[in-house]
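As provided, run_4.cif (mmCIF, C-alpha atoms) reads as follows.
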```cif
data_coords
#
loop_
_atom_site.label_atom_id
_atom_site.label_comp_id
_atom_site.auth_asym_id
_atom_site.auth_seq_id
_atom_site.Cartn_x
_atom_site.Cartn_y
_atom_site.Cartn_z
CA MET W 1256 55.58 56.84 98.53
CA THR W 1257 51.90 55.90 98.48
CA GLU W 1258 49.13 57.89 96.90
CA HIS W 1259 47.76 58.60 100.33
CA GLU W 1260 50.97 60.33 101.34
CA ARG W 1261 51.19 62.39 98.21
CA PRO W 1262 47.91 63.13 96.41
CA ALA W 1263 48.03 63.97 92.72
CA ARG W 1264 49.01 67.58 92.08
CA THR W 1265 45.78 68.51 90.40
CA ARG W 1266 43.75 67.47 93.43
CA ARG W 1267 45.54 69.54 96.06
CA ARG W 1268 43.20 71.77 97.96
CA GLY W 1269 43.15 74.20 100.80
CA GLU W 1270 46.03 74.16 103.23
CA GLU W 1271 48.16 71.82 101.22
CA LEU W 1272 48.02 73.93 98.10
CA LEU W 1273 48.54 77.07 100.16
CA THR W 1274 51.66 75.60 101.73
CA ALA W 1275 53.02 74.69 98.31
CA ILE W 1276 52.36 78.18 96.96
CA ARG W 1277 54.02 79.82 99.95
CA ALA W 1278 57.10 77.64 99.59
CA ALA W 1279 57.11 78.36 95.88
CA VAL W 1280 57.02 82.14 96.18
CA LEU W 1281 59.85 82.12 98.73
CA ALA W 1282 61.98 79.87 96.54
CA GLU W 1283 61.12 81.94 93.49
CA VAL W 1284 62.08 85.27 95.06
CA ALA W 1285 65.33 83.79 96.35
CA GLU W 1286 66.20 82.77 92.83
CA THR W 1287 64.89 85.62 90.69
CA GLY W 1288 64.92 88.58 93.07
CA LEU W 1289 62.01 90.87 93.86
CA GLY W 1290 62.01 92.70 90.57
CA ARG W 1291 61.37 89.61 88.50
CA LEU W 1292 58.77 87.89 90.65
CA THR W 1293 55.73 86.91 88.54
CA MET W 1294 52.48 85.04 89.08
CA GLU W 1295 53.56 82.76 86.25
CA GLY W 1296 56.85 81.87 87.93
CA ILE W 1297 55.18 81.19 91.28
CA ALA W 1298 52.41 79.10 89.71
CA LYS W 1299 54.86 77.03 87.69
CA ARG W 1300 57.05 76.33 90.70
CA ALA W 1301 54.03 75.43 92.85
CA GLY W 1302 52.68 73.18 90.12
CA THR W 1303 49.38 75.01 89.96
CA ALA W 1304 47.55 77.32 87.57
CA LYS W 1305 47.91 81.10 87.53
CA THR W 1306 44.14 81.36 87.90
CA SER W 1307 44.28 79.66 91.29
CA LEU W 1308 46.71 82.35 92.44
CA TYR W 1309 44.53 85.18 91.15
CA ARG W 1310 41.58 83.74 93.01
CA ARG W 1311 43.28 84.72 96.25
CA TRP W 1312 45.94 87.38 95.50
CA SER W 1313 46.08 90.34 93.17
CA SER W 1314 49.84 90.41 92.57
CA PRO W 1315 52.99 88.36 93.13
CA GLN W 1316 53.95 90.83 95.90
CA GLU W 1317 50.72 89.92 97.71
CA VAL W 1318 51.57 86.23 97.47
CA LEU W 1319 55.00 86.99 98.92
CA LEU W 1320 53.64 89.04 101.82
CA ASP W 1321 51.16 86.28 102.60
CA ALA W 1322 53.99 83.72 102.72
CA ILE W 1323 56.17 85.89 104.93
CA HIS W 1324 53.22 86.60 107.21
CA ALA W 1325 52.29 82.92 107.50
CA GLU W 1326 55.83 81.95 108.51
CA HIS W 1327 56.49 84.81 110.87
CA PRO W 1328 56.85 83.63 114.46
CA GLN W 1329 54.54 85.07 117.06
CA GLU W 1330 56.28 85.77 120.35
CA THR W 1331 54.25 84.40 123.22
CA VAL W 1332 54.54 84.15 126.99
CA SER W 1333 52.49 81.70 128.98
CA PRO W 1334 50.22 83.71 131.30
CA GLY W 1335 51.78 82.35 134.50
CA SER W 1336 55.37 82.57 133.27
CA ASP W 1337 57.83 83.86 135.85
CA ASP W 1338 61.20 83.65 134.17
CA LEU W 1339 62.00 87.05 132.67
CA ARG W 1340 65.56 86.20 131.65
CA GLY W 1341 64.64 82.83 130.19
CA ASP W 1342 61.66 84.27 128.32
CA LEU W 1343 63.81 87.03 126.82
CA ILE W 1344 66.37 84.50 125.61
CA ARG W 1345 63.56 82.36 124.18
CA ALA W 1346 62.13 85.36 122.35
CA LEU W 1347 65.50 86.11 120.76
CA ARG W 1348 65.91 82.45 119.88
CA GLN W 1349 62.62 82.68 117.98
CA LEU W 1350 64.10 85.57 116.05
CA VAL W 1351 67.29 83.62 115.33
CA ASP W 1352 65.33 80.57 114.17
CA TRP W 1353 63.31 82.80 111.88
CA MET W 1354 66.50 84.42 110.52
CA ARG W 1355 67.55 81.03 109.17
CA SER W 1356 64.32 80.64 107.16
CA PRO W 1357 63.60 81.45 103.49
CA SER W 1358 60.92 83.78 104.80
CA ALA W 1359 63.54 85.93 106.58
CA GLU W 1360 65.68 85.96 103.48
CA ALA W 1361 62.74 87.30 101.48
CA ALA W 1362 61.96 89.91 104.15
CA GLY W 1363 65.63 90.92 104.09
CA SER W 1364 65.49 91.46 100.33
CA ILE W 1365 62.44 93.67 100.71
CA VAL W 1366 64.18 95.82 103.32
CA ALA W 1367 67.40 95.94 101.28
CA GLU W 1368 65.51 97.00 98.16
CA ARG W 1369 63.05 99.35 99.80
CA VAL W 1370 64.06 102.20 97.54
CA ARG W 1371 62.85 100.22 94.54
CA HIS W 1372 59.83 98.73 96.34
CA PRO W 1373 58.67 101.27 98.95
CA GLU W 1374 55.05 100.05 99.08
CA LEU W 1375 56.15 96.50 99.63
CA ALA W 1376 58.55 97.53 102.39
CA ARG W 1377 55.81 99.53 104.11
CA ALA W 1378 53.41 96.61 103.87
CA LEU W 1379 56.03 94.28 105.35
CA TYR W 1380 56.28 96.41 108.47
CA GLU W 1381 52.58 97.28 108.74
CA ARG W 1382 51.05 93.96 107.83
CA VAL W 1383 53.65 91.48 109.07
CA PHE W 1384 56.10 92.80 111.65
CA GLU W 1385 53.75 95.08 113.61
CA PRO W 1386 50.78 92.69 113.91
CA ARG W 1387 53.17 89.91 114.92
CA GLY W 1388 54.36 91.75 117.98
CA GLY W 1389 56.42 94.60 116.55
CA ARG W 1390 59.75 93.54 118.03
CA PHE W 1391 61.05 90.36 119.50
CA THR W 1392 61.30 90.71 123.32
CA LEU W 1393 58.53 93.34 123.40
CA THR W 1394 55.76 90.86 124.22
CA VAL W 1395 57.88 89.42 127.04
CA LEU W 1396 58.81 92.85 128.41
CA ARG W 1397 55.14 93.88 128.46
CA HIS W 1398 54.16 90.67 130.23
CA TYR W 1399 56.59 91.38 133.08
CA ALA W 1400 55.58 95.04 133.20
CA GLU W 1401 52.01 93.87 133.79
CA GLN W 1402 53.31 91.67 136.59
CA GLY W 1403 55.01 94.68 138.17
CA ARG W 1404 58.53 93.35 137.62
CA ILE W 1405 59.45 96.10 135.12
CA ASP W 1406 58.47 99.75 135.16
CA PRO W 1407 56.34 100.04 132.00
CA ARG W 1408 57.75 103.51 131.35
CA LEU W 1409 61.13 101.92 130.70
CA ILE W 1410 59.78 99.92 127.76
CA THR W 1411 60.48 102.55 125.14
CA PRO W 1412 60.93 101.95 121.38
CA VAL W 1413 64.71 102.05 121.88
CA VAL W 1414 64.62 99.52 124.71
CA ALA W 1415 62.25 97.21 122.85
CA ASP W 1416 64.73 97.26 119.97
CA ILE W 1417 67.91 96.38 121.89
CA GLY W 1418 67.64 92.60 121.50
CA GLU W 1419 66.82 92.64 117.79
CA ALA W 1420 69.42 95.31 117.09
CA LEU W 1421 72.22 93.31 118.73
CA VAL W 1422 71.17 90.07 117.06
CA PHE W 1423 71.15 91.72 113.62
CA LYS W 1424 74.44 93.51 114.29
CA TYR W 1425 76.10 90.26 115.33
CA ALA W 1426 74.81 88.56 112.18
CA MET W 1427 76.02 91.47 110.05
CA ASP W 1428 79.50 91.48 111.57
CA THR W 1429 80.09 87.75 111.76
CA HIS W 1430 77.78 86.43 109.05
CA GLN W 1431 76.53 83.93 111.62
CA VAL W 1432 73.48 83.94 113.83
CA PRO W 1433 74.18 84.22 117.56
CA ASP W 1434 74.15 80.99 119.56
CA ASP W 1435 72.40 80.62 122.91
CA ALA W 1436 75.43 81.79 124.88
CA LYS W 1437 75.57 85.00 122.85
CA LEU W 1438 71.80 85.49 123.27
CA ALA W 1439 72.24 85.16 127.03
CA GLU W 1440 74.98 87.81 126.92
CA ILE W 1441 72.71 90.13 124.97
CA VAL W 1442 69.93 89.66 127.50
CA ASP W 1443 72.16 89.95 130.60
CA GLN W 1444 74.41 92.75 129.43
CA ALA W 1445 72.05 94.91 127.39
CA VAL W 1446 68.32 94.14 127.62
CA LEU W 1447 67.95 93.56 131.38
CA PRO W 1448 70.05 96.59 132.42
CA ALA W 1449 67.88 98.80 130.21
CA VAL W 1450 64.81 97.78 132.19
CA GLY W 1451 66.58 98.44 135.46
CA ILE W 1452 67.85 94.96 136.21
CA GLY W 1453 71.61 94.70 136.57
CA PRO W 1454 74.27 94.80 135.33
CA ASP W 1455 75.84 93.00 138.24
CA ARG W 1456 78.22 95.59 139.56
CA PRO W 1457 81.07 94.87 141.87
CA GLU W 1458 81.26 97.26 144.84
CA SER W 1459 84.35 98.88 143.37
CA ALA W 1460 82.44 100.24 140.39
CA ALA W 1461 82.22 103.99 140.61
CA LYS W 1462 78.93 105.82 140.45
CA PRO W 1463 78.34 108.53 137.86
CA MET R 787 89.14 129.77 88.43
CA THR R 788 92.86 130.45 88.18
CA GLU R 789 95.53 127.97 87.27
CA HIS R 790 96.83 128.22 90.78
CA GLU R 791 93.53 126.97 92.18
CA ARG R 792 93.23 124.11 89.77
CA PRO R 793 96.46 122.81 88.26
CA ALA R 794 96.29 120.92 84.99
CA ARG R 795 95.24 117.31 85.45
CA THR R 796 98.50 115.84 84.27
CA ARG R 797 100.44 117.79 86.88
CA ARG R 798 98.50 116.64 89.94
CA ARG R 799 100.70 115.07 92.53
CA GLY R 800 100.62 113.65 95.98
CA GLU R 801 97.61 114.40 98.17
CA GLU R 802 95.61 116.05 95.46
CA LEU R 803 95.84 113.09 93.12
CA LEU R 804 95.20 110.71 96.00
CA THR R 805 92.05 112.58 96.94
CA ALA R 806 90.83 112.44 93.35
CA ILE R 807 91.50 108.72 93.13
CA ARG R 808 89.71 108.02 96.40
CA ALA R 809 86.66 110.00 95.29
CA ALA R 810 86.79 108.21 91.95
CA VAL R 811 86.83 104.68 93.38
CA LEU R 812 83.91 105.46 95.69
CA ALA R 813 81.88 106.97 92.84
CA GLU R 814 82.84 104.08 90.58
CA VAL R 815 81.80 101.36 93.03
CA ALA R 816 78.50 103.15 93.70
CA GLU R 817 77.78 103.08 89.99
CA THR R 818 79.14 99.73 88.85
CA GLY R 819 79.01 97.61 91.99
CA LEU R 820 81.87 95.64 93.54
CA GLY R 821 81.97 92.93 90.92
CA ARG R 822 82.71 95.28 88.08
CA LEU R 823 85.25 97.54 89.73
CA THR R 824 88.38 97.86 87.55
CA MET R 825 91.63 99.82 87.62
CA GLU R 826 90.67 101.15 84.21
CA GLY R 827 87.33 102.51 85.41
CA ILE R 828 88.88 104.13 88.48
CA ALA R 829 91.72 105.68 86.47
CA LYS R 830 89.38 107.04 83.85
CA ARG R 831 87.08 108.61 86.42
CA ALA R 832 90.03 110.11 88.32
CA GLY R 833 91.49 111.46 85.09
CA THR R 834 94.78 109.66 85.61
CA ALA R 835 96.68 106.75 84.09
CA LYS R 836 96.27 103.14 85.17
CA THR R 837 100.04 103.00 85.73
CA SER R 838 99.79 105.62 88.46
CA LEU R 839 97.28 103.39 90.26
CA TYR R 840 99.47 100.31 89.96
CA ARG R 841 102.37 102.25 91.40
CA ARG R 842 100.54 102.28 94.74
CA TRP R 843 97.89 99.51 94.70
CA SER R 844 97.81 95.98 93.36
CA SER R 845 94.08 95.74 92.65
CA PRO R 846 90.92 97.86 92.45
CA GLN R 847 89.84 96.32 95.78
CA GLU R 848 93.00 97.73 97.38
CA VAL R 849 92.19 101.18 96.03
CA LEU R 850 88.71 100.86 97.49
CA LEU R 851 89.94 99.77 100.93
CA ASP R 852 92.39 102.66 100.95
CA ALA R 853 89.58 105.12 100.19
CA ILE R 854 87.30 103.69 102.87
CA HIS R 855 90.15 103.71 105.37
CA ALA R 856 91.10 107.31 104.60
CA GLU R 857 87.54 108.53 105.13
CA HIS R 858 86.75 106.47 108.21
CA PRO R 859 86.26 108.64 111.27
CA GLN R 860 88.46 108.04 114.27
CA GLU R 861 86.58 108.35 117.55
CA THR R 862 88.50 110.52 119.97
CA VAL R 863 88.06 111.86 123.48
CA SER R 864 90.04 114.80 124.74
CA PRO R 865 92.20 113.58 127.64
CA GLY R 866 90.53 115.81 130.21
CA SER R 867 86.99 115.23 128.98
CA ASP R 868 84.42 114.74 131.73
CA ASP R 869 81.12 114.40 129.92
CA LEU R 870 80.36 110.71 129.47
CA ARG R 871 76.86 111.20 128.11
CA GLY R 872 77.85 114.00 125.75
CA ASP R 873 80.89 112.09 124.51
CA LEU R 874 78.80 109.00 123.81
CA ILE R 875 76.30 111.04 121.81
CA ARG R 876 79.17 112.69 119.92
CA ALA R 877 80.66 109.28 119.11
CA LEU R 878 77.35 108.07 117.68
CA ARG R 879 77.00 111.32 115.75
CA GLN R 880 80.36 110.57 114.12
CA LEU R 881 78.94 107.22 113.08
CA VAL R 882 75.79 108.87 111.69
CA ASP R 883 77.81 111.45 109.76
CA TRP R 884 79.91 108.66 108.31
CA MET R 885 76.78 106.69 107.37
CA ARG R 886 75.80 109.51 105.03
CA SER R 887 79.10 109.33 103.13
CA PRO R 888 79.96 107.48 99.89
CA SER R 889 82.56 105.65 101.94
CA ALA R 890 79.88 104.12 104.17
CA GLU R 891 77.86 103.16 101.13
CA ALA R 892 80.87 101.31 99.73
CA ALA R 893 81.51 99.61 103.07
CA GLY R 894 77.85 98.60 103.17
CA SER R 895 78.13 96.97 99.74
CA ILE R 896 81.15 94.99 100.87
CA VAL R 897 79.30 93.70 103.94
CA ALA R 898 76.16 92.96 101.90
CA GLU R 899 78.14 91.05 99.30
CA ARG R 900 80.54 89.30 101.66
CA VAL R 901 79.59 85.89 100.31
CA ARG R 902 80.93 86.91 96.91
CA HIS R 903 83.89 88.88 98.31
CA PRO R 904 84.93 87.21 101.58
CA GLU R 905 88.55 88.43 101.49
CA LEU R 906 87.45 91.99 100.94
CA ALA R 907 84.94 91.81 103.78
CA ARG R 908 87.58 90.42 106.12
CA ALA R 909 90.03 93.15 105.12
CA LEU R 910 87.37 95.80 105.74
CA TYR R 911 86.98 94.68 109.34
CA GLU R 912 90.66 93.94 110.00
CA ARG R 913 92.24 96.86 108.21
CA VAL R 914 89.62 99.59 108.57
CA PHE R 915 87.06 99.07 111.32
CA GLU R 916 89.31 97.48 113.96
CA PRO R 917 92.28 99.87 113.66
CA ARG R 918 89.86 102.81 113.71
CA GLY R 919 88.53 101.95 117.13
CA GLY R 920 86.53 98.79 116.52
CA ARG R 921 83.15 100.21 117.50
CA PHE R 922 81.81 103.69 117.91
CA THR R 923 81.42 104.47 121.65
CA LEU R 924 84.17 101.99 122.60
CA THR R 925 86.92 104.62 122.77
CA VAL R 926 84.70 106.81 124.95
CA LEU R 927 83.69 103.94 127.24
CA ARG R 928 87.36 102.98 127.73
CA HIS R 929 88.27 106.58 128.53
CA TYR R 930 85.73 106.72 131.35
CA ALA R 931 86.71 103.28 132.58
CA GLU R 932 90.27 104.59 132.94
CA GLN R 933 88.87 107.51 134.91
CA GLY R 934 87.09 105.10 137.25
CA ARG R 935 83.61 106.16 136.18
CA ILE R 936 82.78 102.82 134.59
CA ASP R 937 83.74 99.34 135.74
CA PRO R 938 85.98 98.14 132.88
CA ARG R 939 84.57 94.63 133.25
CA LEU R 940 81.22 95.94 132.01
CA ILE R 941 82.71 96.98 128.67
CA THR R 942 82.09 93.68 126.91
CA PRO R 943 81.81 93.15 123.14
CA VAL R 944 78.00 93.18 123.49
CA VAL R 945 77.99 96.44 125.45
CA ALA R 946 80.45 98.11 123.07
CA ASP R 947 78.08 97.21 120.25
CA ILE R 948 74.83 98.59 121.70
CA GLY R 949 75.15 102.07 120.23
CA GLU R 950 76.11 100.97 116.73
CA ALA R 951 73.52 98.19 116.74
CA LEU R 952 70.68 100.57 117.60
CA VAL R 953 71.81 103.18 115.09
CA PHE R 954 71.96 100.59 112.30
CA LYS R 955 68.64 99.06 113.34
CA TYR R 956 66.95 102.46 113.30
CA ALA R 957 68.37 103.16 109.85
CA MET R 958 67.23 99.75 108.63
CA ASP R 959 63.68 100.17 109.95
CA THR R 960 63.11 103.79 109.00
CA HIS R 961 65.53 104.27 106.12
CA GLN R 962 66.71 107.42 107.88
CA VAL R 963 69.67 108.08 110.13
CA PRO R 964 68.81 108.90 113.73
CA ASP R 965 68.78 112.58 114.69
CA ASP R 966 70.41 113.93 117.85
CA ALA R 967 67.29 113.38 119.97
CA LYS R 968 67.21 109.71 118.96
CA LEU R 969 70.95 109.37 119.65
CA ALA R 970 70.38 110.80 123.13
CA GLU R 971 67.62 108.21 123.70
CA ILE R 972 69.95 105.43 122.60
CA VAL R 973 72.64 106.64 125.00
CA ASP R 974 70.28 107.27 127.94
CA GLN R 975 68.06 104.23 127.57
CA ALA R 976 70.50 101.59 126.35
CA VAL R 977 74.21 102.42 126.50
CA LEU R 978 74.43 104.07 129.91
CA PRO R 979 72.27 101.47 131.72
CA ALA R 980 74.53 98.72 130.36
CA VAL R 981 77.52 100.31 132.09
CA GLY R 982 75.61 100.62 135.33
CA ILE R 983 74.32 104.18 134.95
CA GLY R 984 70.55 104.51 135.07
CA PRO R 985 67.93 104.04 133.82
CA ASP R 986 66.26 106.59 136.03
CA ARG R 987 63.80 104.50 137.93
CA PRO R 988 60.84 105.86 139.83
CA GLU R 989 60.56 104.47 143.35
CA SER R 990 57.54 102.42 142.33
CA ALA R 991 59.55 100.24 139.96
CA ALA R 992 59.77 96.72 141.29
CA LYS R 993 63.08 94.98 141.80
CA PRO R 994 63.76 91.64 140.14
#
```
Now, as a test, write the supplied structure out as structure tokens.
Amino acid sequence: MTEHERPARTRRRGEELLTAIRAAVLAEVAETGLGRLTMEGIAKRAGTAKTSLYRRWSSPQEVLLDAIHAEHPQETVSPGSDDLRGDLIRALRQLVDWMRSPSAEAAGSIVAERVRHPELARALYERVFEPRGGRFTLTVLRHYAEQGRIDPRLITPVVADIGEALVFKYAMDTHQVPDDAKLAEIVDQAVLPAVGIGPDRPESAAKP
Amino acid sequence: MTEHERPARTRRRGEELLTAIRAAVLAEVAETGLGRLTMEGIAKRAGTAKTSLYRRWSSPQEVLLDAIHAEHPQETVSPGSDDLRGDLIRALRQLVDWMRSPSAEAAGSIVAERVRHPELARALYERVFEPRGGRFTLTVLRHYAEQGRIDPRLITPVVADIGEALVFKYAMDTHQVPDDAKLAEIVDQAVLPAVGIGPDRPESAAKP
């Protein structure tokens, strides 16, 4: 490894240092748990000084939120996109990819320990999840509502939550993240019907 | 309180003792956690002897599974029932009522700590959840499929999971259990559409 590839620790600046600190806080919280997260522990793991953390954040919880925020995927749809089903599956795949990350593990700990850390849990929803789209699939659903493919009145909080809810439930029950085939089932059998598309019903199916 | 109402501890037999032991193991696991659950702790809390536990169970985990099993609600539909929507809401209300119980808290710990207790987690699903109907709403959906109101091919694992998934997701996000109005939304906006009923679409809604 040359010096160009890896500058001396003391000289790291800007983005590079920030990336190291974010990785450090996520590794630190995974090891020590939320209750024992300290500026000292983060600084040591990142190979920097506590003072450089305090320059930017007021508490270890703020460092953690920053790291989770920075790594949180933003669901997007290209403006001309015309593939509702494919875009929904892609949105849920973003969620699944995120679920495999240290950032998701840290977010999961915050939610699991919300009784002990209510402010932190609130900040996670208000400052990370909501600004990043609120729910996976919601950005896609809104895009197709604007295109007239979905009645916007059908995009309720419950409906916007179907994809995430089924992905989390599957992970809870099986301790695995859903693969693409399972994501397609979730989209075809649950999300699309809720916005008035499908399920494909054979003629024999009785009406209510 | 007369002696008739509350027999001396040493004389408790059968159902009464069993009930005390089940309450004891649930209280014990809530306090000590799964890792520190012992026959001794359960016996002490139930005011009985360890030997009387070993007569029936081989380990504290077996006592715990028995307690969770005994308190797990069984979803039922009266044979002549003809209220799909109402029965679905009732099924989810059973789930919500259960979620408030010490039994659900214990089951939640097992799922959360499945990495440390994989055998216990497997037993929870195989010996409690599956025999008790598998998923809330599934018994109801099957009932109406038999009546010809729902195409049985639409009752997939994903669809059977929609209600539970949304209830758990709501509880995770809000740290509250859904009330009846929210359960009705879940049924109307997510479960029923997935079995080909609704959502109510205004004429203006575009088709795919």
Box in all listed atoms of stretch 1384-1387 of chain W, axis-aligned, with 4 Å more on each side; write out centre and edge lengths in Å to one decimal as AutoDock Vina command-line options.
```
--center_x 53.4 --center_y 92.5 --center_z 113.3 --size_x 13.3 --size_y 13.2 --size_z 11.3
```
Quick one: which residues end up in the PyMOL selection byres ((chain R) within 7 of (chain W)) for this structure, as number ranges by chain? R: 934-937, 944-945, 948, 951-952, 955, 972, 975-976, 979-980, 982-983, 985, 991-994
Which residues come within 12 Å of R:Ala809, counting only C-alpha atoms, excluding same-chain residues fewer than 2 positions away, as a list in words? Glu802, Leu803, Leu804, Thr805, Ala806, Ile807, Val811, Leu812, Ala813, Glu814, Val815, Ala816, Ile828, Ala829, Arg831, Ala832, Gly833, Val849, Leu850, Asp852, Ala853, Ile854, Ala856, Glu857, Ser887, Pro888, Ser889 and Ala892 of chain R
Using all atoms listed in the file, which of the listed residues (R:Phe915, R:Trp884, R:Tyr930, R:Phe922) sits closest to R:Leu851? R:Phe915
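Interatomic distance, atom CA of W:Gln1431 to atom CA of R:Glu899: 14.3 Å.
Separating atom CA of R:Met885 from atom CA of R:Gln860 is a distance of 13.6 Å.
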